[in-house]
Amino acid sequence: MKRKLGRHPGSVRDDKSLRKFKNEQLRRETGRKTREEFAAELAYRGGGSREERSRIMHPVAVTENGTKEKAETSYRWLGYTALVLSILAWFLYPALLGSTSALLGLFAYMLGERSLGTWSIIIGLIALAGYFILVPLYA
């Protein structure tokens with residue numbers, strides 16, 4: 001019968017010493033502290049100054065000659081697309097176009113097109129609510 005590697009009942013090496021060994025090995029291999037939270041690098045810091053938030057939202061682009069310029073990304077097309085879909089939702093397929101326009105409007109709002117996003121969300125949700133209120137009356 002083969003002997004299993006690892007922890008056995010009655011083994012001298014207990015779980016605490018095994019954890020200590022693994023933590024020491026991890027510390028040596030990574031060069032980090034073992035009691036550190038590894039998810040901290042990925043977490044959003046929140047708060048911060050307005051300049052820090054704008055730097056995160058508007059990255060800097062490096063041109064061919066090596067100068068740094070602020071990368072301007074416009075999501076106005078997304079806002080207009082959501083607005084057109086929300087207006088079309090009043091006449092065609094309100095369940096599909098109304099929910100799609102509200103979702104695209106939310107994305108446009110989050111990406112900086114506040115007014116277009118807000119209008120498309122409102123108009124799309126009104127079309128969707130009207131559909132769900134009026135359809136039972138005709139059925």
# chains A, B, ... in the order shown; residues from 1 in each chain; ligands from 1

$ select_by_dssp --residues "range 80-123 of chain A" --states "alpha helix (DSSP H)" --output "ChimeraX atom specification"
/A:80-88,94-110,114-123

$ closest_residue --among "A:Leu111, A:Leu83, A:Leu88, A:Ala95" --to "Ile133 in chain A" --atoms "only C-alpha atoms"
A:Ala95

$ atom_distance --atom1 "CA of Leu96 in chain A" --atom2 "CA of Met110 in chain A"
21.5 Å

$ closest_residue --among "A:Phe107, A:Tyr93, A:Tyr138, A:Gly31" --to "Thr81 in chain A" --atoms "only C-alpha atoms"
A:Phe107

$ residues_around --residues "Ile122 in chain A" --least-positions-apart "5" --cutoff "9 Å" --atoms "only C-alpha atoms" --output "ChimeraX atom specification"
/A:86,102,105,117,127

$ write_last_selection --atoms "C-alpha atoms" --output "PDB file, in the first residue's frame"
ATOM      1  CA  SER A  86     -35.136  55.601 -27.405  1.00  0.00           C
ATOM      2  CA  ALA A 102     -31.752  52.771 -21.502  1.00  0.00           C
ATOM      3  CA  GLY A 105     -27.802  55.674 -22.195  1.00  0.00           C
ATOM      4  CA  GLY A 117     -27.338  59.620 -21.477  1.00  0.00           C
ATOM      5  CA  ALA A 127     -41.420  53.826 -23.784  1.00  0.00           C
TER       6      ALA A 127
END

$ residues_around --residues "Pro94 in chain A" --least-positions-apart "4" --cutoff "9 Å" --atoms "only C-alpha atoms" --output "list in words"
Ser86, Leu88, Ala89, Trp90, Gly98, Ser99, Gly124, Ala127, Leu128, Ala129, Gly130 and Tyr131 of chain A

$ write_last_selection --atoms "N, CA, C and O atoms" --output "PDB file, in the first residue's frame"
ATOM      1  N   SER A  86     -34.042  55.331 -28.344  1.00  0.00           N
ATOM      2  CA  SER A  86     -35.136  55.601 -27.405  1.00  0.00           C
ATOM      3  C   SER A  86     -36.306  56.276 -28.106  1.00  0.00           C
ATOM      4  O   SER A  86     -37.462  56.022 -27.760  1.00  0.00           O
ATOM      5  N   LEU A  88     -37.021  55.810 -31.355  1.00  0.00           N
ATOM      6  CA  LEU A  88     -37.599  54.734 -32.166  1.00  0.00           C
ATOM      7  C   LEU A  88     -38.431  53.770 -31.319  1.00  0.00           C
ATOM      8  O   LEU A  88     -39.357  53.136 -31.828  1.00  0.00           O
ATOM      9  N   ALA A  89     -38.091  53.656 -30.027  1.00  0.00           N
ATOM     10  CA  ALA A  89     -38.816  52.745 -29.142  1.00  0.00           C
ATOM     11  C   ALA A  89     -40.260  53.176 -28.952  1.00  0.00           C
ATOM     12  O   ALA A  89     -41.111  52.363 -28.591  1.00  0.00           O
ATOM     13  N   TRP A  90     -40.580  54.449 -29.201  1.00  0.00           N
ATOM     14  CA  TRP A  90     -41.962  54.914 -29.102  1.00  0.00           C
ATOM     15  C   TRP A  90     -42.814  54.374 -30.240  1.00  0.00           C
ATOM     16  O   TRP A  90     -44.033  54.321 -30.129  1.00  0.00           O
ATOM     17  N   GLY A  98     -36.474  50.049 -26.139  1.00  0.00           N
ATOM     18  CA  GLY A  98     -36.509  50.845 -24.911  1.00  0.00           C
ATOM     19  C   GLY A  98     -35.470  50.380 -23.896  1.00  0.00           C
ATOM     20  O   GLY A  98     -34.752  51.189 -23.299  1.00  0.00           O
ATOM     21  N   SER A  99     -35.373  49.069 -23.706  1.00  0.00           N
ATOM     22  CA  SER A  99     -34.387  48.559 -22.750  1.00  0.00           C
ATOM     23  C   SER A  99     -32.968  48.741 -23.279  1.00  0.00           C
ATOM     24  O   SER A  99     -32.050  49.078 -22.521  1.00  0.00           O
ATOM     25  N   GLY A 124     -36.299  56.130 -23.045  1.00  0.00           N
ATOM     26  CA  GLY A 124     -36.376  54.677 -23.225  1.00  0.00           C
ATOM     27  C   GLY A 124     -37.190  53.992 -22.149  1.00  0.00           C
ATOM     28  O   GLY A 124     -37.974  53.084 -22.428  1.00  0.00           O
ATOM     29  N   ALA A 127     -40.903  54.685 -22.721  1.00  0.00           N
ATOM     30  CA  ALA A 127     -41.420  53.826 -23.784  1.00  0.00           C
ATOM     31  C   ALA A 127     -41.617  52.397 -23.285  1.00  0.00           C
ATOM     32  O   ALA A 127     -42.623  51.746 -23.600  1.00  0.00           O
ATOM     33  N   LEU A 128     -40.685  51.910 -22.495  1.00  0.00           N
ATOM     34  CA  LEU A 128     -40.789  50.557 -21.951  1.00  0.00           C
ATOM     35  C   LEU A 128     -41.959  50.432 -20.979  1.00  0.00           C
ATOM     36  O   LEU A 128     -42.730  49.464 -21.031  1.00  0.00           O
ATOM     37  N   ALA A 129     -42.129  51.431 -20.108  1.00  0.00           N
ATOM     38  CA  ALA A 129     -43.240  51.410 -19.153  1.00  0.00           C
ATOM     39  C   ALA A 129     -44.576  51.521 -19.889  1.00  0.00           C
ATOM     40  O   ALA A 129     -45.549  50.838 -19.529  1.00  0.00           O
ATOM     41  N   GLY A 130     -44.636  52.363 -20.907  1.00  0.00           N
ATOM     42  CA  GLY A 130     -45.868  52.483 -21.692  1.00  0.00           C
ATOM     43  C   GLY A 130     -46.233  51.189 -22.374  1.00  0.00           C
ATOM     44  O   GLY A 130     -47.405  50.827 -22.463  1.00  0.00           O
ATOM     45  N   TYR A 131     -45.239  50.485 -22.840  1.00  0.00           N
ATOM     46  CA  TYR A 131     -45.490  49.191 -23.479  1.00  0.00           C
ATOM     47  C   TYR A 131     -46.101  48.206 -22.482  1.00  0.00           C
ATOM     48  O   TYR A 131     -47.089  47.540 -22.776  1.00  0.00           O
TER      49      TYR A 131
END

$ residues_around --residues "Ser115 in chain A" --least-positions-apart "6" --cutoff "12 Å" --atoms "only C-alpha atoms" --output "VMD selection string"
chain A and resid 76 78 to 80 82 to 83 105 to 106 108 to 109 121 to 122

$ atom_distance --atom1 "CA of Ile126 in chain A" --atom2 "CA of Leu97 in chain A"
11.5 Å
